[in-house]
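Student: Contents of final18.tsv (TSV, C-alpha atoms) are below:
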chain	number	residue	atom	x	y	z
A	75	MET	CA	0.00	0.00	0.00
A	76	ASN	CA	3.03	2.33	0.16
A	77	ARG	CA	2.65	3.33	-3.44
A	78	PHE	CA	-1.04	4.09	-2.95
A	79	VAL	CA	-0.13	6.33	-0.01
A	80	THR	CA	2.39	8.05	-2.29
A	81	ALA	CA	-0.33	8.65	-4.87
A	82	GLU	CA	-2.77	9.95	-2.27
A	83	ARG	CA	-0.20	12.35	-0.85
A	84	ALA	CA	0.73	13.60	-4.32
A	85	LEU	CA	-2.89	14.39	-5.15
A	86	ARG	CA	-3.58	16.09	-1.83
A	87	THR	CA	-0.54	18.37	-2.15
A	88	ALA	CA	-0.88	19.18	-5.86
A	89	ALA	CA	-2.12	22.56	-7.08
A	90	PRO	CA	-5.80	22.46	-8.11
A	91	TYR	CA	-4.94	22.71	-11.81
A	92	GLU	CA	-2.15	20.07	-11.63
A	93	LEU	CA	-4.06	17.04	-10.39
A	94	LEU	CA	-3.71	15.15	-13.67
A	95	ASP	CA	0.05	15.84	-13.84
A	96	ALA	CA	0.42	14.68	-10.23
A	97	VAL	CA	-1.45	11.41	-10.77
A	98	ARG	CA	0.45	10.79	-14.02
A	99	ARG	CA	3.82	11.12	-12.27
A	100	VAL	CA	2.85	8.64	-9.56
A	101	LEU	CA	1.37	6.16	-12.03
A	102	VAL	CA	4.54	6.28	-14.15
A	103	GLU	CA	6.92	5.98	-11.18
A	104	GLN	CA	5.00	3.51	-9.00
A	105	TYR	CA	2.93	1.48	-11.50
A	106	ALA	CA	5.13	1.62	-14.64
A	107	ALA	CA	2.28	3.31	-16.51
A	108	ARG	CA	2.95	4.45	-20.08
A	109	SER	CA	0.16	7.05	-20.13
A	110	ALA	CA	-2.83	8.32	-18.18
A	111	GLU	CA	-5.74	10.42	-19.42
A	112	LEU	CA	-8.61	11.95	-17.49
A	113	PHE	CA	-12.00	12.27	-19.21
A	114	MET	CA	-14.84	14.32	-17.70
A	115	VAL	CA	-18.44	13.56	-18.67
A	116	ASP	CA	-20.11	16.46	-20.46
A	117	TYR	CA	-23.26	18.19	-19.22
A	118	GLY	CA	-25.44	16.19	-21.58
A	119	LEU	CA	-23.98	12.86	-20.36
A	120	THR	CA	-23.23	11.88	-23.96
A	121	VAL	CA	-19.43	12.17	-24.31
A	122	LEU	CA	-16.32	11.94	-22.15
A	123	GLN	CA	-14.25	15.10	-22.64
A	124	PRO	CA	-10.43	14.94	-22.22
A	125	VAL	CA	-8.71	17.09	-19.61
A	126	SER	CA	-5.41	18.03	-21.22
A	127	ALA	CA	-3.57	20.88	-22.87
A	128	LEU	CA	-4.15	21.67	-26.54
A	129	PRO	CA	-3.01	20.79	-29.19
A	130	HIS	CA	-2.13	17.35	-27.75
A	131	SER	CA	-5.61	16.65	-26.43
A	132	PRO	CA	-7.04	13.20	-27.18
A	133	GLU	CA	-10.39	12.90	-28.91
A	134	PRO	CA	-13.60	12.89	-26.84
A	135	LEU	CA	-15.06	9.42	-26.29
A	136	PRO	CA	-18.77	8.58	-26.62
A	137	VAL	CA	-20.47	7.36	-23.45
A	138	HIS	CA	-22.41	4.89	-25.59
A	139	GLY	CA	-20.03	2.98	-27.83
A	140	SER	CA	-16.62	3.07	-26.13
A	141	THR	CA	-14.95	0.95	-23.45
A	142	ALA	CA	-14.38	4.02	-21.29
A	143	GLY	CA	-18.05	4.90	-21.73
A	144	ARG	CA	-19.10	1.42	-20.61
A	145	ALA	CA	-16.91	1.73	-17.52
A	146	PHE	CA	-18.57	5.08	-16.78
A	147	ALA	CA	-22.10	3.76	-17.27
A	148	ALA	CA	-21.56	0.52	-15.34
A	149	GLN	CA	-19.41	2.18	-12.67
A	150	GLU	CA	-17.00	-0.74	-12.90
A	151	PRO	CA	-13.33	-0.79	-14.00
A	152	LEU	CA	-12.91	-2.24	-17.48
A	153	VAL	CA	-9.65	-3.43	-19.01
A	154	GLU	CA	-8.86	-3.83	-22.72
A	155	PRO	CA	-5.65	-5.06	-24.41
A	156	ASP	CA	-3.42	-2.37	-25.86
A	157	ARG	CA	-0.09	-3.54	-27.40
A	158	ASP	CA	3.14	-5.32	-26.52
A	159	GLY	CA	1.91	-6.75	-23.21
A	160	LEU	CA	0.20	-3.51	-22.22
A	161	VAL	CA	-3.41	-3.06	-21.22
A	162	ARG	CA	-5.60	-0.01	-20.87
A	163	ALA	CA	-7.63	0.22	-17.64
A	164	HIS	CA	-10.66	2.51	-17.56
A	165	LEU	CA	-11.46	3.52	-13.98
A	166	PRO	CA	-14.63	5.40	-12.98
A	167	VAL	CA	-13.96	8.73	-11.23
A	168	THR	CA	-16.88	9.00	-8.82
A	169	VAL	CA	-17.53	10.81	-5.54
A	170	ARG	CA	-20.27	9.35	-3.32
A	171	GLY	CA	-22.25	8.25	-6.35
A	172	ASP	CA	-21.73	11.46	-8.33
A	173	ARG	CA	-20.19	10.31	-11.61
A	174	LEU	CA	-17.51	12.75	-12.81
A	175	GLY	CA	-15.71	10.81	-15.52
A	176	VAL	CA	-13.08	8.14	-16.21
A	177	LEU	CA	-9.33	7.81	-15.63
A	178	SER	CA	-7.77	5.74	-18.44
A	179	VAL	CA	-4.35	4.26	-17.67
A	180	THR	CA	-2.08	2.29	-20.03
A	181	LEU	CA	0.30	0.00	-18.12
A	182	PRO	CA	1.87	-3.50	-18.19
A	183	GLU	CA	-0.63	-6.28	-17.70
A	184	GLY	CA	1.39	-7.68	-14.79
A	185	GLU	CA	0.76	-4.54	-12.73
A	186	LEU	CA	-2.93	-5.36	-12.58
A	187	ALA	CA	-2.18	-8.83	-11.28
A	188	ARG	CA	-0.29	-7.48	-8.21
A	189	ASN	CA	-3.41	-6.01	-6.55
A	190	GLY	CA	-2.96	-3.16	-9.01
A	191	ARG	CA	-6.61	-2.99	-10.06
A	192	ALA	CA	-7.91	-2.31	-6.54
A	193	GLU	CA	-5.24	0.30	-5.88
A	194	LEU	CA	-5.89	2.04	-9.19
A	195	CYS	CA	-9.61	2.20	-8.42
A	196	GLU	CA	-8.80	3.83	-5.09
A	197	ILE	CA	-6.51	6.33	-6.79
A	198	ALA	CA	-9.33	7.23	-9.21
A	199	GLU	CA	-11.65	7.74	-6.22
A	200	VAL	CA	-9.15	10.04	-4.46
A	201	LEU	CA	-8.72	11.94	-7.72
A	202	GLY	CA	-12.48	12.49	-7.84
A	203	HIS	CA	-12.55	13.91	-4.33
A	204	GLU	CA	-9.68	16.25	-5.15
A	205	ILE	CA	-11.42	17.46	-8.32
A	206	VAL	CA	-14.52	18.40	-6.29
A	207	VAL	CA	-12.33	20.41	-3.91
A	208	ALA	CA	-10.30	21.92	-6.77
A	209	ASP	CA	-13.45	23.24	-8.49
A	210	ARG	CA	-13.52	26.01	-5.88
A	211	ASP	CA	-10.20	27.37	-7.17
A	212	THR	CA	-9.96	26.51	-10.87
A	213	ASP	CA	-12.23	26.35	-13.92
A	214	LEU	CA	-10.17	23.62	-15.58
A	215	TYR	CA	-12.47	20.67	-14.84
A	216	LEU	CA	-15.70	22.61	-15.37
A	217	GLN	CA	-14.40	23.80	-18.75
A	218	ALA	CA	-13.46	20.25	-19.70
A	219	ARG	CA	-17.09	19.15	-19.26
A	220	ARG	CA	-18.29	21.40	-22.11
A	221	LYS	CA	-18.57	20.09	-25.62
A	222	ASP	CA	-20.62	23.20	-26.50
A	223	ARG	CA	-20.99	26.65	-25.02
A	224	LEU	CA	-23.41	27.01	-22.13
A	225	THR	CA	-25.94	29.82	-22.23
A	226	LEU	CA	-25.68	32.21	-19.28
A	227	ALA	CA	-28.97	30.89	-17.87
A	228	ALA	CA	-27.66	27.31	-18.12
A	229	GLU	CA	-24.40	28.35	-16.44
A	230	MET	CA	-26.40	29.70	-13.50
A	231	GLN	CA	-28.54	26.58	-13.27
A	232	TRP	CA	-25.68	24.06	-13.36
A	233	GLN	CA	-23.85	26.01	-10.63
A	234	LEU	CA	-27.00	25.76	-8.52
A	235	LEU	CA	-27.32	21.95	-8.78
A	236	PRO	CA	-25.89	19.54	-6.17
A	237	GLY	CA	-24.63	17.06	-8.82
A	238	CYS	CA	-26.31	14.62	-11.20
A	239	SER	CA	-26.24	11.53	-8.98
A	240	CYS	CA	-25.52	10.39	-5.46
A	241	SER	CA	-25.88	7.23	-3.42
A	242	SER	CA	-26.00	5.89	0.11
A	243	PRO	CA	-26.87	2.48	1.59
A	244	GLU	CA	-30.55	3.52	1.75
A	245	TYR	CA	-31.02	5.02	-1.73
A	246	GLU	CA	-29.58	5.89	-5.12
A	247	LEU	CA	-30.39	9.13	-6.96
A	248	GLY	CA	-29.92	10.22	-10.55
A	249	ALA	CA	-31.11	13.36	-12.35
A	250	GLN	CA	-30.74	15.11	-15.69
A	251	LEU	CA	-31.92	18.30	-17.38
A	252	GLU	CA	-32.53	18.93	-21.07
A	253	PRO	CA	-31.48	20.86	-23.11
A	254	ALA	CA	-28.30	20.52	-21.07
A	255	TYR	CA	-26.56	23.53	-22.64
A	256	ALA	CA	-29.58	25.85	-22.71
A	257	ILE	CA	-31.73	25.12	-19.64
A	258	PHE	CA	-33.24	28.05	-17.81
A	259	GLY	CA	-35.84	27.26	-15.12
A	260	ASP	CA	-36.18	23.60	-14.10
A	261	ASN	CA	-34.07	22.44	-11.19
A	262	PHE	CA	-33.52	19.75	-8.58
A	263	ASP	CA	-31.86	19.82	-5.19
A	264	TRP	CA	-31.16	17.35	-2.40
A	265	ALA	CA	-29.51	17.20	0.99
A	266	ALA	CA	-28.92	14.28	3.36
A	267	THR	CA	-28.18	13.76	7.03
A	268	ALA	CA	-27.67	10.56	9.02
A	269	ASP	CA	-31.44	10.19	9.35
A	270	ARG	CA	-33.11	12.09	6.51
A	271	LEU	CA	-33.03	12.84	2.79
A	272	MET	CA	-34.66	16.01	1.53
A	273	LEU	CA	-35.40	16.19	-2.20
A	274	TYR	CA	-36.82	19.10	-4.21
A	275	VAL	CA	-38.01	18.98	-7.84
A	276	THR	CA	-38.67	22.40	-9.37
A	277	ASN	CA	-40.58	23.32	-12.52
A	278	GLY	CA	-39.46	26.83	-13.46
A	279	MET	CA	-41.45	29.62	-15.06
A	280	GLY	CA	-40.43	31.88	-17.94
A	281	GLU	CA	-37.41	31.80	-20.21
A	282	GLY	CA	-33.73	32.67	-20.24
A	283	ILE	CA	-32.10	34.72	-17.51
A	284	GLU	CA	-35.42	35.71	-15.88
A	285	ALA	CA	-36.36	32.07	-15.36
A	286	SER	CA	-32.92	31.27	-13.95
A	287	LEU	CA	-33.03	34.24	-11.55
A	288	LEU	CA	-36.46	33.17	-10.29
A	289	THR	CA	-35.28	29.61	-9.67
A	290	ASN	CA	-32.08	30.79	-7.98
A	291	LEU	CA	-34.09	32.94	-5.58
A	292	ALA	CA	-36.49	30.12	-4.70
A	293	ILE	CA	-33.84	27.41	-4.28
A	294	ASN	CA	-31.65	29.59	-2.09
A	295	ALA	CA	-34.67	30.55	0.01
A	296	LEU	CA	-35.49	26.85	0.46
A	297	ARG	CA	-31.88	26.08	1.39
A	298	ASN	CA	-31.80	28.97	3.85
A	299	ALA	CA	-34.94	27.67	5.56
A	300	ARG	CA	-33.73	24.05	5.52
A	301	ARG	CA	-30.36	24.98	7.04
A	302	ALA	CA	-32.19	26.89	9.77
A	303	GLY	CA	-33.83	23.60	10.74
A	304	LEU	CA	-37.36	24.50	9.60
A	305	SER	CA	-39.97	21.89	8.72
A	306	LEU	CA	-40.89	21.14	5.11
A	307	ALA	CA	-44.09	23.23	5.28
A	308	ASP	CA	-42.22	26.17	6.83
A	309	GLN	CA	-39.52	25.90	4.16
A	310	ALA	CA	-42.20	26.24	1.50
A	311	ALA	CA	-43.80	29.19	3.32
A	312	LEU	CA	-40.49	31.05	3.66
A	313	ALA	CA	-39.58	30.51	0.00
A	314	ASP	CA	-43.11	31.55	-1.01
A	315	GLN	CA	-42.70	34.83	0.92
A	316	ALA	CA	-39.27	35.47	-0.60
A	317	VAL	CA	-40.51	34.98	-4.17
A	318	TYR	CA	-43.70	37.01	-3.61
A	319	ALA	CA	-41.79	39.85	-1.93
A	320	HIS	CA	-39.63	40.23	-5.03
A	321	TYR	CA	-42.12	39.53	-7.86
A	322	GLN	CA	-45.46	40.48	-6.24
A	323	GLY	CA	-47.18	37.53	-7.91
A	324	ARG	CA	-46.01	38.35	-11.44
A	325	SER	CA	-43.74	35.30	-11.43
A	326	TYR	CA	-43.91	32.11	-9.42
A	327	LEU	CA	-42.70	28.54	-9.68
A	328	SER	CA	-43.83	25.00	-8.95
A	329	VAL	CA	-42.00	22.67	-6.61
A	330	LEU	CA	-42.47	19.14	-5.27
A	331	MET	CA	-40.76	18.77	-1.86
A	332	PHE	CA	-39.95	15.53	-0.01
A	333	ASP	CA	-38.56	14.67	3.41
A	334	PHE	CA	-37.60	10.95	3.60
A	335	ASP	CA	-37.05	9.22	6.95
A	336	LEU	CA	-34.17	6.87	6.15
A	337	ALA	CA	-34.97	4.48	9.00
A	338	THR	CA	-38.69	3.96	8.35
A	339	GLY	CA	-39.34	4.97	4.73
A	340	ARG	CA	-42.02	7.41	5.88
A	341	VAL	CA	-42.11	10.47	3.63
A	342	ARG	CA	-43.51	13.94	4.19
A	343	VAL	CA	-44.38	15.86	1.02
A	344	VAL	CA	-45.49	19.34	-0.02
A	345	ASP	CA	-46.96	19.51	-3.53
A	346	ALA	CA	-46.79	23.14	-4.65
A	347	GLY	CA	-47.34	22.89	-8.38
A	348	SER	CA	-46.84	20.87	-11.51
A	349	PRO	CA	-43.96	18.35	-11.11
A	350	GLN	CA	-45.31	14.79	-10.97
A	351	MET	CA	-44.18	11.53	-9.39
A	352	LEU	CA	-44.55	7.98	-10.72
A	353	ARG	CA	-43.76	4.86	-8.74
A	354	LEU	CA	-42.53	1.51	-10.03
A	355	ARG	CA	-43.42	-1.16	-7.46
A	356	GLY	CA	-43.65	-4.89	-8.08
A	357	GLY	CA	-43.54	-4.43	-11.85
A	358	THR	CA	-46.41	-1.90	-11.91
A	359	VAL	CA	-46.03	1.79	-12.73
A	360	GLU	CA	-48.57	4.20	-11.29
A	361	ARG	CA	-48.77	7.94	-10.80
A	362	VAL	CA	-48.86	8.98	-7.15
A	363	THR	CA	-50.93	12.11	-6.61
A	364	PHE	CA	-50.98	14.54	-3.72
A	365	ASP	CA	-53.24	17.40	-2.70
A	366	ALA	CA	-52.14	20.22	-5.00
A	367	GLN	CA	-51.25	23.51	-3.30
A	368	LEU	CA	-50.35	26.91	-4.73
A	369	PRO	CA	-46.99	27.45	-6.45
A	370	LEU	CA	-44.37	29.41	-4.55
A	371	GLY	CA	-44.83	33.18	-4.86
A	372	MET	CA	-48.27	33.23	-6.48
A	373	PHE	CA	-49.98	34.92	-3.50
A	374	GLU	CA	-48.84	36.57	-0.31
A	375	GLU	CA	-48.42	34.46	2.87
A	376	THR	CA	-49.69	31.13	1.57
A	377	ASP	CA	-49.92	28.38	4.19
A	378	TYR	CA	-48.59	24.96	3.16
A	379	VAL	CA	-49.56	21.58	4.61
A	380	THR	CA	-47.53	18.37	4.52
A	381	GLN	CA	-48.94	14.98	3.54
A	382	GLU	CA	-47.40	11.57	4.13
A	383	PHE	CA	-46.84	8.38	2.18
A	384	GLN	CA	-44.67	5.29	2.56
A	385	VAL	CA	-41.85	3.96	0.40
A	386	GLU	CA	-40.83	0.31	0.50
A	387	PRO	CA	-37.51	-1.37	-0.31
A	388	GLY	CA	-37.37	-1.98	-4.07
A	389	ASP	CA	-39.50	1.07	-4.96
A	390	ARG	CA	-38.35	3.25	-7.83
A	391	LEU	CA	-39.70	6.81	-7.81
A	392	VAL	CA	-39.48	8.91	-10.98
A	393	PHE	CA	-40.12	12.65	-10.83
A	394	VAL	CA	-40.78	14.65	-14.02
A	395	SER	CA	-41.49	18.25	-14.97
A	396	ASP	CA	-44.19	19.30	-17.43
A	397	GLY	CA	-41.51	19.45	-20.11
A	398	VAL	CA	-41.69	15.63	-20.03
A	399	TYR	CA	-45.29	14.54	-19.62
A	400	ALA	CA	-46.83	17.44	-21.59
A	401	VAL	CA	-44.45	17.48	-24.57
A	402	ALA	CA	-46.22	16.93	-27.88
A	403	ASP	CA	-45.23	14.90	-30.92
A	404	PRO	CA	-45.40	16.40	-34.47
A	405	LYS	CA	-49.14	15.55	-34.56
A	406	GLY	CA	-49.80	17.40	-31.31
A	407	GLU	CA	-50.29	14.31	-29.11
A	408	ALA	CA	-48.92	14.72	-25.58
A	409	TYR	CA	-46.44	12.19	-24.20
A	410	GLY	CA	-48.69	11.42	-21.23
A	411	ASP	CA	-48.78	8.84	-18.46
A	412	ALA	CA	-49.07	5.74	-20.67
A	413	ALA	CA	-45.93	6.46	-22.71
A	414	LEU	CA	-44.05	7.52	-19.59
A	415	ALA	CA	-45.04	4.31	-17.79
A	416	ARG	CA	-43.80	2.23	-20.75
A	417	ALA	CA	-40.49	4.10	-20.73
A	418	ILE	CA	-40.08	3.52	-16.98
A	419	GLN	CA	-40.79	-0.18	-17.48
A	420	SER	CA	-38.28	-0.43	-20.32
A	421	THR	CA	-35.52	1.13	-18.17
A	422	ARG	CA	-36.27	-0.85	-14.98
A	423	LEU	CA	-32.97	-2.79	-15.15
A	424	LEU	CA	-30.83	0.35	-15.43
A	425	PRO	CA	-29.25	1.90	-12.33
A	426	ALA	CA	-30.90	5.09	-11.07
A	427	ALA	CA	-28.10	7.30	-12.40
A	428	GLU	CA	-28.70	6.02	-15.96
A	429	VAL	CA	-32.50	6.24	-15.97
A	430	PRO	CA	-32.99	10.03	-16.48
A	431	ARG	CA	-30.82	10.15	-19.60
A	432	ALA	CA	-32.53	7.03	-21.01
A	433	LEU	CA	-36.00	8.50	-20.44
A	434	LEU	CA	-34.99	11.78	-22.07
A	435	ARG	CA	-33.74	9.86	-25.13
A	436	GLU	CA	-37.16	8.17	-25.36
A	437	LEU	CA	-38.78	11.58	-25.06
A	438	SER	CA	-36.65	12.95	-27.90
A	439	GLY	CA	-37.97	10.18	-30.17
A	440	HIS	CA	-41.56	11.10	-29.29
A	441	ARG	CA	-40.89	14.79	-29.84
A	442	GLY	CA	-39.49	14.14	-33.31
A	443	ARG	CA	-36.72	16.72	-33.03
A	444	PRO	CA	-33.51	16.85	-30.99
A	445	LEU	CA	-34.11	20.03	-28.97
A	446	PRO	CA	-37.20	20.71	-26.83
A	447	ASP	CA	-39.20	23.91	-26.65
A	448	ASP	CA	-39.35	23.68	-22.85
A	449	ASP	CA	-37.02	22.45	-20.13
A	450	ALA	CA	-37.35	18.73	-19.40
A	451	LEU	CA	-36.33	17.35	-16.01
A	452	VAL	CA	-36.19	13.73	-14.81
A	453	VAL	CA	-35.12	12.60	-11.32
A	454	CYS	CA	-34.96	8.90	-10.39
A	455	LEU	CA	-34.80	7.59	-6.81
A	456	ASP	CA	-34.23	3.91	-6.02
A	457	TRP	CA	-35.18	3.14	-2.44
A	458	HIS	CA	-33.31	0.32	-0.68
A	459	GLY	CA	-34.30	1.10	2.88
A	460	ARG	CA	-32.27	0.58	6.01
Before we go any further, please render this structure as structure tokens.
Tutor:
Amino acid sequence: MNRFVTAERALRTAAPYELLDAVRRVLVEQYAARSAELFMVDYGLTVLQPVSALPHSPEPLPVHGSTAGRAFAAQEPLVEPDRDGLVRAHLPVTVRGDRLGVLSVTLPEGELARNGRAELCEIAEVLGHEIVVADRDTDLYLQARRKDRLTLAAEMQWQLLPGCSCSSPEYELGAQLEPAYAIFGDNFDWAATADRLMLYVTNGMGEGIEASLLTNLAINALRNARRAGLSLADQAALADQAVYAHYQGRSYLSVLMFDFDLATGRVRVVDAGSPQMLRLRGGTVERVTFDAQLPLGMFEETDYVTQEFQVEPGDRLVFVSDGVYAVADPKGEAYGDAALARAIQSTRLLPAAEVPRALLRELSGHRGRPLPDDDALVVCLDWHGR
């Protein structure tokens, strides 16, 4: 383990923008590696973008159709032969379930036989943690994620998000927004403690910067209330007041709020608008409805009431915005519950982190064109229970 400790120390002491150089040096010196490349997944979850200096940058790799992409999707290390006794190991770079990319290392095959695979996986994990910390001080890794230019509204929204996936022993979460490079209002947020998971699914209002500003105000108001230890209903009331105080009812937004008890599976919910939830249980998909309450900021001093329901181990919950269930095909027919239920059934074997992107691909086929007219948001929660 001495060489792993060397790698860990090198990453922890490297400058934020020199993490790849640091891990390369250790892999060459300690593992006889011939090369090492870091690929970050792009915002659309379609390609793995290289992190390296131009003009010597390798080509981006497709998530669907490459060995590195399969390692990313499966979250398992994959090894392929290279040349002259060398192999190329593709190692997922993931932090607590949040999938960042892949570290691809070319090295002698014998190195993998000497417990090398396990150590390399741990190095990739440490690299992921250091990238998350480094993002506070450098734009290098955020820039690497972009295969296209983000709109300003999309830039604001992605900075507001917690990540696109996370996991714990009790649950797995995955989420995705479309169009990834031009979103403006839809949003999701989550926060966990030892006992609870709070999840928020937001359906924004308006377009462009105005929609993003509205969502930023509401999400930060909800976070402020949550971090003050307020109940779910009081969080909604505080955010409602903050939005109304600024917009006076001219703009408002819909949000579906959940407070999961990790020990019991009991869930408190506030339904303040249009996002919807479907549940896959025992092979059956059904929409779960709640008592609809007013969107945040529509009227002054709205009172919100929580409801309760129960999740069971094995449940899959899928949350969607109106940009999913209301989208129309070229003939004007809405996607609707039936098509959405079929799509959830067809993706039941995928892990939660892969489901949102798969559902959005199905939706693109229904829409008949690559880019939507409205934001589309999908969040998937797999409940394992304690």
Student: List every protein, DNA or RNA residue with an atom no more than 6 Å from (-20.2, 20.2, -18.4) in the file's coordinates, counting all atoms listed in the file, and format the result as a PyMOL selection string.
Tutor: chain A and resi 116-117+216+219-220
Student: Give me a file of those residues, with C-alpha atoms, as a PDB file, in the frame of the given file.
Tutor:
ATOM      1  CA  ASP A 116     -20.110  16.460 -20.460  1.00  0.00           C
ATOM      2  CA  TYR A 117     -23.260  18.190 -19.220  1.00  0.00           C
ATOM      3  CA  LEU A 216     -15.700  22.610 -15.370  1.00  0.00           C
ATOM      4  CA  ARG A 219     -17.090  19.150 -19.260  1.00  0.00           C
ATOM      5  CA  ARG A 220     -18.290  21.400 -22.110  1.00  0.00           C
TER       6      ARG A 220
END
Student: Quick one: of A:Ala192, A:Leu112, A:Ala432, A:Leu271, who's nearest to His138 of chain A, counting all atoms listed in the file?
Tutor: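 Closest residue, counting all atoms listed in the file: A:Ala432.
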Student: One number please: atom CA of Glu246 of chain A to atom CA of Ser328 of chain A, in Å, one decimal.
Tutor: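 Taking atom CA of Glu246 of chain A and atom CA of Ser328 of chain A, their separation equals 24.1 Å.
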Student: Any idea what's packed within 10 Å of Val200 of chain A, counting only C-alpha atoms, ignoring anything in its chain fewer than 3 positions away? Could you give it as a list of chain:residue names?
Tutor: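 These residues fall inside the cut-off: A:Ala81, A:Glu82, A:Arg83, A:Leu85, A:Arg86, A:Val167, A:Thr168, A:Val169, A:Leu194, A:Cys195, A:Glu196, A:Ile197, A:His203, A:Glu204, A:Ile205.
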Student: Give me the segment 336-406 of chain A side of the contact with segment 291-310 of chain A, cut-off 8 Å, one line per residue showing its nearest atom pair and distance in Å at one decimal, counting all atoms listed in the file, sorted by chain and residue number, as CSV.
Tutor:
residue,atom,partner,partner_atom,distance
A:Arg342,CA,A:Leu306,CA,7.7
A:Val343,CA,A:Leu306,CA,7.5
A:Val344,CA,A:Ala307,CA,6.7
A:Leu370,CA,A:Ala310,CA,7.2
A:Asp377,CA,A:Ala307,CA,7.9
A:Tyr378,CA,A:Ala307,CA,5.3
A:Val379,CA,A:Ala307,CA,5.8
A:Thr380,CA,A:Ala307,CA,6.0
Student: One decimal, in Å: what's the spacing between atom CA of Leu336 of chain A and atom CA of Ser241 of chain A?
Tutor: 12.7 Å
Student: Within 8 Å of Ala426 of chain A, counting all atoms listed in the file, which residues qualify if same-chain residues fewer than 6 places away don't, as a VMD selection string?
Tutor: chain A and resid 246 to 248 454 to 456
Student: I need the residue nearest Val125 of chain A from this list: A:Leu434, A:Val176, A:Ala106, A:Val137. Use only C-alpha atoms for the distance.
Tutor: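 With only C-alpha atoms as the atom set, the closest residue is A:Val176.
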Student: Quick one: distance from atom CA of Thr80 of chain A to atom CA of Glu150 of chain A in Å, one decimal?
Tutor: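 About the pair atom CA of Thr80 of chain A and atom CA of Glu150 of chain A: they are 23.8 Å apart.
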Student: Could segment 201-212 of chain A be completed with N, CA, C and O atoms and written as a PDB file, in the coordinates of the input, please?
Tutor:
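To be explicit, this is the file written out as part-v3.pdb:
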ATOM      1  N   LEU A 201      -8.767  10.902  -6.694  1.00  0.00           N
ATOM      2  CA  LEU A 201      -8.720  11.940  -7.720  1.00  0.00           C
ATOM      3  C   LEU A 201     -10.065  12.649  -7.824  1.00  0.00           C
ATOM      4  O   LEU A 201     -10.130  13.882  -7.933  1.00  0.00           O
ATOM      5  N   GLY A 202     -11.153  11.888  -7.784  1.00  0.00           N
ATOM      6  CA  GLY A 202     -12.480  12.490  -7.840  1.00  0.00           C
ATOM      7  C   GLY A 202     -12.727  13.443  -6.697  1.00  0.00           C
ATOM      8  O   GLY A 202     -13.228  14.560  -6.894  1.00  0.00           O
ATOM      9  N   HIS A 203     -12.377  13.035  -5.489  1.00  0.00           N
ATOM     10  CA  HIS A 203     -12.550  13.910  -4.330  1.00  0.00           C
ATOM     11  C   HIS A 203     -11.735  15.194  -4.478  1.00  0.00           C
ATOM     12  O   HIS A 203     -12.206  16.291  -4.152  1.00  0.00           O
ATOM     13  N   GLU A 204     -10.525  15.065  -4.982  1.00  0.00           N
ATOM     14  CA  GLU A 204      -9.680  16.250  -5.150  1.00  0.00           C
ATOM     15  C   GLU A 204     -10.214  17.179  -6.242  1.00  0.00           C
ATOM     16  O   GLU A 204     -10.076  18.400  -6.142  1.00  0.00           O
ATOM     17  N   ILE A 205     -10.828  16.626  -7.273  1.00  0.00           N
ATOM     18  CA  ILE A 205     -11.420  17.460  -8.320  1.00  0.00           C
ATOM     19  C   ILE A 205     -12.563  18.289  -7.744  1.00  0.00           C
ATOM     20  O   ILE A 205     -12.700  19.491  -8.041  1.00  0.00           O
ATOM     21  N   VAL A 206     -13.402  17.670  -6.907  1.00  0.00           N
ATOM     22  CA  VAL A 206     -14.520  18.400  -6.290  1.00  0.00           C
ATOM     23  C   VAL A 206     -13.989  19.575  -5.467  1.00  0.00           C
ATOM     24  O   VAL A 206     -14.518  20.688  -5.522  1.00  0.00           O
ATOM     25  N   VAL A 207     -12.926  19.335  -4.703  1.00  0.00           N
ATOM     26  CA  VAL A 207     -12.330  20.410  -3.910  1.00  0.00           C
ATOM     27  C   VAL A 207     -11.690  21.461  -4.827  1.00  0.00           C
ATOM     28  O   VAL A 207     -11.832  22.678  -4.608  1.00  0.00           O
ATOM     29  N   ALA A 208     -11.014  21.008  -5.875  1.00  0.00           N
ATOM     30  CA  ALA A 208     -10.300  21.920  -6.770  1.00  0.00           C
ATOM     31  C   ALA A 208     -11.250  22.844  -7.526  1.00  0.00           C
ATOM     32  O   ALA A 208     -10.856  23.957  -7.912  1.00  0.00           O
ATOM     33  N   ASP A 209     -12.501  22.413  -7.750  1.00  0.00           N
ATOM     34  CA  ASP A 209     -13.450  23.240  -8.490  1.00  0.00           C
ATOM     35  C   ASP A 209     -13.699  24.586  -7.829  1.00  0.00           C
ATOM     36  O   ASP A 209     -14.180  25.524  -8.467  1.00  0.00           O
ATOM     37  N   ARG A 210     -13.375  24.717  -6.551  1.00  0.00           N
ATOM     38  CA  ARG A 210     -13.520  26.010  -5.880  1.00  0.00           C
ATOM     39  C   ARG A 210     -12.474  27.010  -6.351  1.00  0.00           C
ATOM     40  O   ARG A 210     -12.670  28.221  -6.224  1.00  0.00           O
ATOM     41  N   ASP A 211     -11.345  26.505  -6.889  1.00  0.00           N
ATOM     42  CA  ASP A 211     -10.200  27.370  -7.170  1.00  0.00           C
ATOM     43  C   ASP A 211      -9.758  27.389  -8.628  1.00  0.00           C
ATOM     44  O   ASP A 211      -8.864  28.153  -8.992  1.00  0.00           O
ATOM     45  N   THR A 212     -10.335  26.533  -9.456  1.00  0.00           N
ATOM     46  CA  THR A 212      -9.960  26.510 -10.870  1.00  0.00           C
ATOM     47  C   THR A 212     -11.172  26.172 -11.721  1.00  0.00           C
ATOM     48  O   THR A 212     -12.085  25.478 -11.261  1.00  0.00           O
TER      49      THR A 212
END
